[in-house]
Amino acid sequence: MRQDSELHKRAIAAQLAEHLGGPAHAIQAFQELVVEQADELGLDDLRGDLEKVSEAAAALTELLERLIEGGLESSDVSDTEVQAKIRHDLRTPLNAIIGYSEMIAEELTEATQDGIRRDIAVILAEAQVLLSLIDEIVDFSRPADATAAHPAAVQARSLALELEASVGKEAKRDETPPGRILVIDDVASNRDLLRRRLESAGHEVILAGSGGEALDALGGAGGSAGEVDLILLDILMPDINGIELLSRLKVHATWQRIPVVMVSGLKETDAVIRCIEAGADDYLTKPFDPVILRARVNASLDRKRWADRERRYLGRIEQEKERNDALLHAILPRQVVLRLNRGEEVIADWFEATTILFADLVGFTPVAARMAPDRLVRRLDLIFRAFDGLAKAHGVEKIKTIGDAYMAAAGVPDAVADHADRALNLANAMLCELERVDDDATPFQIRIGIHSGPVVAGLLGQHRFVYDVWGETVNVASRLESACPPSHMLISEATRQALTGDWSFQQPQQVALKGVGEITAYVVPPY
């Protein structure tokens, strides 16, 4: 690729203009300070010369801005002529700045004018720097390693070569698949031109001549039409202007995810800013360059497909999270799951007032020895599923099953005043439900022991962890279950005293419990 290519020269011009821009802006800024001080001191005799310096400084800044934008080149003249013109145009304001500033400085003789003299000295120094660099910098053809080349010129040529090489490379990216594009423009010729350009690239195109037609094409207020991958939207339309339509699209639950490229003849910065603020993804001015149109359409489609892919992945992650949470909720109390999700590593609590329930199937071991394993498991599953539903309905937390035994706790993990009543209501429901769900020829019976008191509750382990409760209250409830007659519940004196409802009891009796001793207990028949 030739070093003196148009891109190469434009890149050098822009880089060098930016390098020269610093001193030029400094000249203009210090000249403004000089004018302000002269006005404060009433130096009206210098006003004419000061205005000429200000005009020259503004002309120098404008010249450099035009150089950055490439506005000084012409295809009708040679590189040498272009360079000569740039050097001449730069020297003209610089010579004016230096000449008039020196004249002004000679007129400043009083001590009160020292501040102006110092600022003018800065202006003159910056102008001399720029003047000394012009011949070396403004030369597009000099090689980058030329002898005595100014560092700024060497750097500019180096950056230009890098840019030239980058632009010349073919983009390494996958071919963008065709998309479904909605073109909204009230001018038929504009719609047709965009349609032909887009269809030639393989896209499916939907046309709308107004904002109302566009909303209909999208499926109306329900947004139920087929998926649209991209919208090309004109700003100036008779019924709903493009910015208003864009605002409606971006607040709609379905449409807000569709990228929108504004296509308009308006080039004002305010229009572009308003569109971007309203949610536009890009802005393309008319008449559009077909190559730029294709690049921006492909870029918008790529962004949407990546966003859609990310949304699908996030949806899958959320589904997995919900499944995991559901599994945790099936194993652990809701409050414990919330604490785990908050990052708590050790979950252990003391509950002062709880009621523990133990239920055990009578004669299970001999029945299990005679029954096929699959039938036995189905039978147990049917019973315990029914118990689970009852525990949930009565506000009692199932703790675990141990073989054919069922353990539950009221007042854990949420403290409640009627924990004893909840446990007895559950026990009564279990006794009745067992008769209904276990319709075997030899149905099971259960014994239920209930005791109230304090417990420690917490989470144990990392693999197949379990939420469990410990303490003397648990041991007494287990021993009461062992001493209970079949199809009844046996409650302790502590539980009776904790009850708040009306219950019927048999006469109190002294029950000897293994490892505990004698306690007062009451047999409660099912209601």
# chains A, B, ... in the order shown; residues from 1 in each chain; ligands from 1
call {"tool": "residues_around", "arguments": {"residues": "A:Pro93", "least_positions_apart": "5", "cutoff": "12 Å", "atoms": "only C-alpha atoms", "output": "compact mmCIF listing (two decimals) with C-alpha atoms, in the first residue's frame"}}
result
# COMPACT_ATOMS: atom_id res chain seq x y z
CA ALA A 24 -3.02 27.39 19.03
CA ILE A 27 -2.68 31.50 22.12
CA GLN A 28 -6.42 32.09 21.86
CA LYS A 52 -6.54 42.02 15.17
CA VAL A 53 -4.64 39.54 17.38
CA SER A 54 -7.94 37.99 18.49
CA GLU A 55 -9.13 37.64 14.89
CA ALA A 56 -5.83 36.04 13.85
CA ALA A 57 -5.95 33.61 16.80
CA ALA A 58 -9.51 32.60 15.87
CA ALA A 59 -8.49 32.17 12.22
CA LEU A 60 -5.57 29.95 13.26
CA THR A 61 -7.83 27.73 15.38
CA GLU A 62 -10.42 27.46 12.61
CA LEU A 63 -7.70 26.57 10.10
CA LEU A 64 -6.45 23.74 12.28
CA ILE A 86 -1.19 24.88 4.18
CA ARG A 87 2.16 26.45 5.11
CA HIS A 88 1.04 29.81 3.75
CA ILE A 98 3.43 37.92 16.43
CA GLY A 99 3.53 41.35 14.78
CA TYR A 100 0.61 42.96 16.55
CA SER A 101 1.48 41.36 19.90
CA ALA A 127 3.46 31.48 18.18
CA GLN A 128 7.22 31.18 17.61
CA LEU A 130 4.29 26.92 15.87
CA LEU A 131 6.10 29.01 13.26
call {"tool": "select_by_dssp", "arguments": {"residues": "stretch 274-312 of chain A", "states": "strand (DSSP E or B)", "output": "list in words"}}
result
Asp282, Tyr283, Leu284 and Thr285 of chain A
call {"tool": "closest_residue", "arguments": {"among": "A:His451, A:Val129, A:Ser189, A:Ala348", "to": "A:Leu499", "atoms": "only C-alpha atoms"}}
result
A:His451
call {"tool": "residues_around", "arguments": {"residues": "stretch 336-346 of chain A", "least_positions_apart": "6", "cutoff": "9 Å", "atoms": "only C-alpha atoms", "output": "list in words"}}
result
Asp325, Leu328, His329, Pro413, Gly458, Leu459, Leu460 and Tyr467 of chain A
call {"tool": "atom_distance", "arguments": {"atom1": "atom CA of A:Ile206", "atom2": "atom CA of A:Arg180"}}
result
7.5 Å
call {"tool": "closest_residue", "arguments": {"among": "A:Ala299, A:Leu380, A:Ile243, A:Ser478", "to": "A:Ile273", "atoms": "only C-alpha atoms"}}
result
A:Ile243
call {"tool": "atom_distance", "arguments": {"atom1": "atom CA of A:Tyr406", "atom2": "atom CA of A:Phe387"}}
result
8.5 Å
call {"tool": "closest_residue", "arguments": {"among": "A:Ala307, A:Leu357, A:Val416, A:Ala372", "to": "A:Asn428", "atoms": "only C-alpha atoms"}}
result
A:Leu357
call {"tool": "closest_atom_pairs", "arguments": {"of": "stretch 364-466 of chain A", "to": "stretch 510-521 of chain A", "cutoff": "12 Å", "atoms": "only C-alpha atoms", "output": "Markdown table"}}
result
| residue | atom | partner | partner_atom | distance |
| --- | --- | --- | --- | --- |
| A:Gly449 | CA | A:Ala521 | CA | 9.9 |
| A:Ile450 | CA | A:Ala521 | CA | 9.6 |
| A:His451 | CA | A:Ala521 | CA | 9.4 |
| A:Ser452 | CA | A:Ala521 | CA | 11.8 |
call {"tool": "atom_distance", "arguments": {"atom1": "atom CA of A:Tyr527", "atom2": "atom CA of A:Val377"}}
result
28.9 Å
call {"tool": "closest_residue", "arguments": {"among": "A:Ala278, A:Ala417, A:Lys304, A:Glu204", "to": "A:Gly501", "atoms": "only C-alpha atoms"}}
result
A:Ala417
call {"tool": "residues_around", "arguments": {"residues": "A:Gln37", "least_positions_apart": "4", "cutoff": "12 Å", "atoms": "only C-alpha atoms", "output": "ChimeraX atom specification"}}
result
/A:30-33,41-44,46-47,50,112-120
call {"tool": "write_last_selection", "arguments": {"atoms": "N, CA and C atoms", "output": "PDB file, in the first residue's frame"}}
result
ATOM      1  N   PHE A  30      -4.964  32.811  26.064  1.00  0.00           N
ATOM      2  CA  PHE A  30      -4.217  33.889  26.705  1.00  0.00           C
ATOM      3  C   PHE A  30      -4.580  35.241  26.093  1.00  0.00           C
ATOM      4  N   GLN A  31      -4.910  35.251  24.793  1.00  0.00           N
ATOM      5  CA  GLN A  31      -5.335  36.501  24.181  1.00  0.00           C
ATOM      6  C   GLN A  31      -6.640  36.986  24.798  1.00  0.00           C
ATOM      7  N   GLU A  32      -7.534  36.071  25.152  1.00  0.00           N
ATOM      8  CA  GLU A  32      -8.768  36.471  25.824  1.00  0.00           C
ATOM      9  C   GLU A  32      -8.465  37.105  27.179  1.00  0.00           C
ATOM     10  N   LEU A  33      -7.464  36.550  27.887  1.00  0.00           N
ATOM     11  CA  LEU A  33      -7.066  37.146  29.166  1.00  0.00           C
ATOM     12  C   LEU A  33      -6.495  38.545  28.969  1.00  0.00           C
ATOM     13  N   LEU A  41      -8.182  47.869  32.660  1.00  0.00           N
ATOM     14  CA  LEU A  41      -7.257  48.999  32.835  1.00  0.00           C
ATOM     15  C   LEU A  41      -7.635  50.192  31.973  1.00  0.00           C
ATOM     16  N   GLY A  42      -8.651  50.045  31.133  1.00  0.00           N
ATOM     17  CA  GLY A  42      -9.093  51.150  30.287  1.00  0.00           C
ATOM     18  C   GLY A  42      -8.124  51.477  29.170  1.00  0.00           C
ATOM     19  N   LEU A  43      -7.425  50.510  28.597  1.00  0.00           N
ATOM     20  CA  LEU A  43      -6.454  50.730  27.522  1.00  0.00           C
ATOM     21  C   LEU A  43      -7.163  50.753  26.172  1.00  0.00           C
ATOM     22  N   ASP A  44      -7.979  51.801  25.972  1.00  0.00           N
ATOM     23  CA  ASP A  44      -8.771  51.883  24.746  1.00  0.00           C
ATOM     24  C   ASP A  44      -7.910  52.086  23.517  1.00  0.00           C
ATOM     25  N   LEU A  46      -5.356  50.541  22.668  1.00  0.00           N
ATOM     26  CA  LEU A  46      -4.852  49.246  22.166  1.00  0.00           C
ATOM     27  C   LEU A  46      -5.967  48.368  21.588  1.00  0.00           C
ATOM     28  N   ARG A  47      -7.220  48.851  21.648  1.00  0.00           N
ATOM     29  CA  ARG A  47      -8.346  48.002  21.266  1.00  0.00           C
ATOM     30  C   ARG A  47      -8.229  47.497  19.833  1.00  0.00           C
ATOM     31  N   LEU A  50      -5.540  44.801  19.563  1.00  0.00           N
ATOM     32  CA  LEU A  50      -5.980  43.613  20.292  1.00  0.00           C
ATOM     33  C   LEU A  50      -7.012  42.824  19.485  1.00  0.00           C
ATOM     34  N   THR A 112       1.576  48.649  36.338  1.00  0.00           N
ATOM     35  CA  THR A 112       0.247  48.024  36.445  1.00  0.00           C
ATOM     36  C   THR A 112      -0.066  47.133  35.251  1.00  0.00           C
ATOM     37  N   GLN A 113       0.746  47.252  34.217  1.00  0.00           N
ATOM     38  CA  GLN A 113       0.506  46.476  32.989  1.00  0.00           C
ATOM     39  C   GLN A 113       1.405  45.241  32.878  1.00  0.00           C
ATOM     40  N   ASP A 114       2.088  44.896  33.984  1.00  0.00           N
ATOM     41  CA  ASP A 114       3.008  43.751  33.955  1.00  0.00           C
ATOM     42  C   ASP A 114       2.276  42.435  33.659  1.00  0.00           C
ATOM     43  N   GLY A 115       1.062  42.295  34.195  1.00  0.00           N
ATOM     44  CA  GLY A 115       0.315  41.061  33.949  1.00  0.00           C
ATOM     45  C   GLY A 115       0.025  40.867  32.477  1.00  0.00           C
ATOM     46  N   ILE A 116      -0.334  41.956  31.777  1.00  0.00           N
ATOM     47  CA  ILE A 116      -0.595  41.855  30.330  1.00  0.00           C
ATOM     48  C   ILE A 116       0.685  41.496  29.598  1.00  0.00           C
ATOM     49  N   ARG A 117       1.806  42.121  30.012  1.00  0.00           N
ATOM     50  CA  ARG A 117       3.082  41.833  29.335  1.00  0.00           C
ATOM     51  C   ARG A 117       3.447  40.350  29.468  1.00  0.00           C
ATOM     52  N   ARG A 118       3.220  39.777  30.672  1.00  0.00           N
ATOM     53  CA  ARG A 118       3.555  38.350  30.857  1.00  0.00           C
ATOM     54  C   ARG A 118       2.678  37.468  29.955  1.00  0.00           C
ATOM     55  N   ASP A 119       1.392  37.788  29.852  1.00  0.00           N
ATOM     56  CA  ASP A 119       0.520  36.974  28.997  1.00  0.00           C
ATOM     57  C   ASP A 119       0.886  37.114  27.532  1.00  0.00           C
ATOM     58  N   ILE A 120       1.258  38.326  27.103  1.00  0.00           N
ATOM     59  CA  ILE A 120       1.679  38.512  25.710  1.00  0.00           C
ATOM     60  C   ILE A 120       2.965  37.741  25.440  1.00  0.00           C
TER      61      ILE A 120
END
call {"tool": "select_by_dssp", "arguments": {"residues": "stretch 309-495 of chain A", "states": "helix (DSSP H, G or I)", "output": "VMD selection string"}}
result
chain A and resid 309 to 331 334 to 341 364 to 370 373 to 393 419 to 437 472 to 483 493 to 495
call {"tool": "write_last_selection", "arguments": {"atoms": "C-alpha atoms", "output": "PDB file, in the first residue's frame"}}
result
ATOM      1  CA  ARG A 309     -28.449 -15.396  23.453  1.00  0.00           C
ATOM      2  CA  GLU A 310     -27.516 -13.809  26.782  1.00  0.00           C
ATOM      3  CA  ARG A 311     -31.203 -13.537  27.711  1.00  0.00           C
ATOM      4  CA  ARG A 312     -31.748 -17.227  26.909  1.00  0.00           C
ATOM      5  CA  TYR A 313     -28.744 -18.205  29.004  1.00  0.00           C
ATOM      6  CA  LEU A 314     -29.938 -16.027  31.879  1.00  0.00           C
ATOM      7  CA  GLY A 315     -33.378 -17.618  31.545  1.00  0.00           C
ATOM      8  CA  ARG A 316     -31.852 -21.072  31.789  1.00  0.00           C
ATOM      9  CA  ILE A 317     -29.812 -20.006  34.798  1.00  0.00           C
ATOM     10  CA  GLU A 318     -32.965 -18.644  36.441  1.00  0.00           C
ATOM     11  CA  GLN A 319     -34.819 -21.895  35.713  1.00  0.00           C
ATOM     12  CA  GLU A 320     -31.992 -23.906  37.231  1.00  0.00           C
ATOM     13  CA  LYS A 321     -31.966 -21.606  40.230  1.00  0.00           C
ATOM     14  CA  GLU A 322     -35.722 -22.052  40.655  1.00  0.00           C
ATOM     15  CA  ARG A 323     -35.348 -25.825  40.425  1.00  0.00           C
ATOM     16  CA  ASN A 324     -32.551 -25.776  42.969  1.00  0.00           C
ATOM     17  CA  ASP A 325     -34.578 -23.521  45.251  1.00  0.00           C
ATOM     18  CA  ALA A 326     -37.588 -25.830  44.898  1.00  0.00           C
ATOM     19  CA  LEU A 327     -35.401 -28.780  45.822  1.00  0.00           C
ATOM     20  CA  LEU A 328     -34.005 -26.922  48.818  1.00  0.00           C
ATOM     21  CA  HIS A 329     -37.503 -25.923  49.913  1.00  0.00           C
ATOM     22  CA  ALA A 330     -38.534 -29.573  49.688  1.00  0.00           C
ATOM     23  CA  ILE A 331     -35.680 -30.480  52.045  1.00  0.00           C
ATOM     24  CA  ARG A 334     -38.170 -21.693  53.794  1.00  0.00           C
ATOM     25  CA  GLN A 335     -36.474 -19.467  56.370  1.00  0.00           C
ATOM     26  CA  VAL A 336     -33.385 -21.681  56.365  1.00  0.00           C
ATOM     27  CA  VAL A 337     -33.189 -21.553  52.554  1.00  0.00           C
ATOM     28  CA  LEU A 338     -33.314 -17.754  52.688  1.00  0.00           C
ATOM     29  CA  ARG A 339     -30.500 -17.680  55.209  1.00  0.00           C
ATOM     30  CA  LEU A 340     -28.404 -20.028  53.078  1.00  0.00           C
ATOM     31  CA  ASN A 341     -28.962 -17.785  50.053  1.00  0.00           C
ATOM     32  CA  PHE A 364     -43.965 -52.359  60.843  1.00  0.00           C
ATOM     33  CA  THR A 365     -40.965 -54.712  61.070  1.00  0.00           C
ATOM     34  CA  PRO A 366     -42.878 -58.034  60.667  1.00  0.00           C
ATOM     35  CA  VAL A 367     -45.039 -56.527  57.892  1.00  0.00           C
ATOM     36  CA  ALA A 368     -41.963 -55.285  56.054  1.00  0.00           C
ATOM     37  CA  ALA A 369     -40.403 -58.754  56.219  1.00  0.00           C
ATOM     38  CA  ARG A 370     -43.398 -60.280  54.388  1.00  0.00           C
ATOM     39  CA  PRO A 373     -39.839 -54.026  48.572  1.00  0.00           C
ATOM     40  CA  ASP A 374     -41.528 -51.970  45.853  1.00  0.00           C
ATOM     41  CA  ARG A 375     -44.967 -52.433  47.399  1.00  0.00           C
ATOM     42  CA  LEU A 376     -43.605 -51.585  50.851  1.00  0.00           C
ATOM     43  CA  VAL A 377     -41.970 -48.370  49.593  1.00  0.00           C
ATOM     44  CA  ARG A 378     -45.113 -47.311  47.712  1.00  0.00           C
ATOM     45  CA  ARG A 379     -47.188 -47.919  50.833  1.00  0.00           C
ATOM     46  CA  LEU A 380     -44.843 -45.928  53.059  1.00  0.00           C
ATOM     47  CA  ASP A 381     -44.611 -43.147  50.469  1.00  0.00           C
ATOM     48  CA  LEU A 382     -48.397 -42.869  50.305  1.00  0.00           C
ATOM     49  CA  ILE A 383     -48.652 -42.559  54.083  1.00  0.00           C
ATOM     50  CA  PHE A 384     -45.804 -40.099  54.534  1.00  0.00           C
ATOM     51  CA  ARG A 385     -46.958 -37.941  51.598  1.00  0.00           C
ATOM     52  CA  ALA A 386     -50.303 -37.640  53.335  1.00  0.00           C
ATOM     53  CA  PHE A 387     -48.564 -36.721  56.604  1.00  0.00           C
ATOM     54  CA  ASP A 388     -46.485 -34.081  54.790  1.00  0.00           C
ATOM     55  CA  GLY A 389     -49.607 -32.422  53.460  1.00  0.00           C
ATOM     56  CA  LEU A 390     -51.183 -32.411  56.910  1.00  0.00           C
ATOM     57  CA  ALA A 391     -48.065 -30.944  58.535  1.00  0.00           C
ATOM     58  CA  LYS A 392     -48.042 -28.097  56.011  1.00  0.00           C
ATOM     59  CA  ALA A 393     -51.759 -27.482  56.468  1.00  0.00           C
ATOM     60  CA  HIS A 419     -47.296 -24.607  69.072  1.00  0.00           C
ATOM     61  CA  ALA A 420     -48.851 -27.274  71.346  1.00  0.00           C
ATOM     62  CA  ASP A 421     -52.307 -26.941  69.747  1.00  0.00           C
ATOM     63  CA  ARG A 422     -50.801 -27.201  66.268  1.00  0.00           C
ATOM     64  CA  ALA A 423     -48.997 -30.403  67.202  1.00  0.00           C
ATOM     65  CA  LEU A 424     -52.138 -32.009  68.664  1.00  0.00           C
ATOM     66  CA  ASN A 425     -54.249 -30.973  65.680  1.00  0.00           C
ATOM     67  CA  LEU A 426     -51.670 -32.559  63.392  1.00  0.00           C
ATOM     68  CA  ALA A 427     -51.563 -35.738  65.499  1.00  0.00           C
ATOM     69  CA  ASN A 428     -55.345 -36.074  65.419  1.00  0.00           C
ATOM     70  CA  ALA A 429     -55.378 -35.538  61.638  1.00  0.00           C
ATOM     71  CA  MET A 430     -52.639 -38.161  61.169  1.00  0.00           C
ATOM     72  CA  LEU A 431     -54.607 -40.755  63.133  1.00  0.00           C
ATOM     73  CA  CYS A 432     -57.689 -40.142  60.983  1.00  0.00           C
ATOM     74  CA  GLU A 433     -55.809 -39.889  57.677  1.00  0.00           C
ATOM     75  CA  LEU A 434     -53.983 -43.180  58.183  1.00  0.00           C
ATOM     76  CA  GLU A 435     -57.298 -45.048  58.213  1.00  0.00           C
ATOM     77  CA  ARG A 436     -58.203 -43.422  54.886  1.00  0.00           C
ATOM     78  CA  VAL A 437     -54.993 -43.765  52.875  1.00  0.00           C
ATOM     79  CA  GLU A 472     -34.199 -33.266  76.125  1.00  0.00           C
ATOM     80  CA  THR A 473     -37.554 -32.229  74.631  1.00  0.00           C
ATOM     81  CA  VAL A 474     -36.822 -34.412  71.596  1.00  0.00           C
ATOM     82  CA  ASN A 475     -35.780 -37.381  73.736  1.00  0.00           C
ATOM     83  CA  VAL A 476     -38.907 -37.198  75.924  1.00  0.00           C
ATOM     84  CA  ALA A 477     -41.212 -36.989  72.885  1.00  0.00           C
ATOM     85  CA  SER A 478     -39.533 -40.064  71.394  1.00  0.00           C
ATOM     86  CA  ARG A 479     -39.909 -42.002  74.651  1.00  0.00           C
ATOM     87  CA  LEU A 480     -43.583 -40.976  74.968  1.00  0.00           C
ATOM     88  CA  GLU A 481     -44.235 -42.383  71.497  1.00  0.00           C
ATOM     89  CA  SER A 482     -42.765 -45.730  72.577  1.00  0.00           C
ATOM     90  CA  ALA A 483     -45.058 -45.800  75.638  1.00  0.00           C
ATOM     91  CA  GLU A 493     -47.796 -32.409  81.373  1.00  0.00           C
ATOM     92  CA  ALA A 494     -45.666 -29.678  79.757  1.00  0.00           C
ATOM     93  CA  THR A 495     -47.652 -29.993  76.537  1.00  0.00           C
TER      94      THR A 495
END
call {"tool": "residues_around", "arguments": {"residues": "A:Ala408", "least_positions_apart": "6", "cutoff": "7 Å", "atoms": "only C-alpha atoms", "output": "VMD selection string"}}
result
chain A and resid 356 to 358 396 to 399
call {"tool": "residues_around", "arguments": {"residues": "A:Tyr283", "least_positions_apart": "6", "cutoff": "7 Å", "atoms": "only C-alpha atoms", "output": "ChimeraX atom specification"}}
result
/A:261-263,272
call {"tool": "write_last_selection", "arguments": {"atoms": "N, CA and C atoms", "output": "short mmCIF file (atom, residue, chain, number, x, y, z; two decimals), in the first residue's frame"}}
result
data_model
loop_
_atom_site.label_atom_id
_atom_site.label_comp_id
_atom_site.auth_asym_id
_atom_site.auth_seq_id
_atom_site.Cartn_x
_atom_site.Cartn_y
_atom_site.Cartn_z
N VAL A 261 -32.37 1.76 14.45
CA VAL A 261 -31.43 2.66 13.79
C VAL A 261 -32.25 3.78 13.16
N MET A 262 -32.02 5.02 13.57
CA MET A 262 -32.71 6.16 13.00
C MET A 262 -32.08 6.50 11.65
N VAL A 263 -32.92 6.70 10.64
CA VAL A 263 -32.44 7.07 9.30
C VAL A 263 -33.13 8.38 8.95
N VAL A 272 -29.60 14.05 16.90
CA VAL A 272 -28.90 12.79 17.18
C VAL A 272 -28.94 12.49 18.67
#
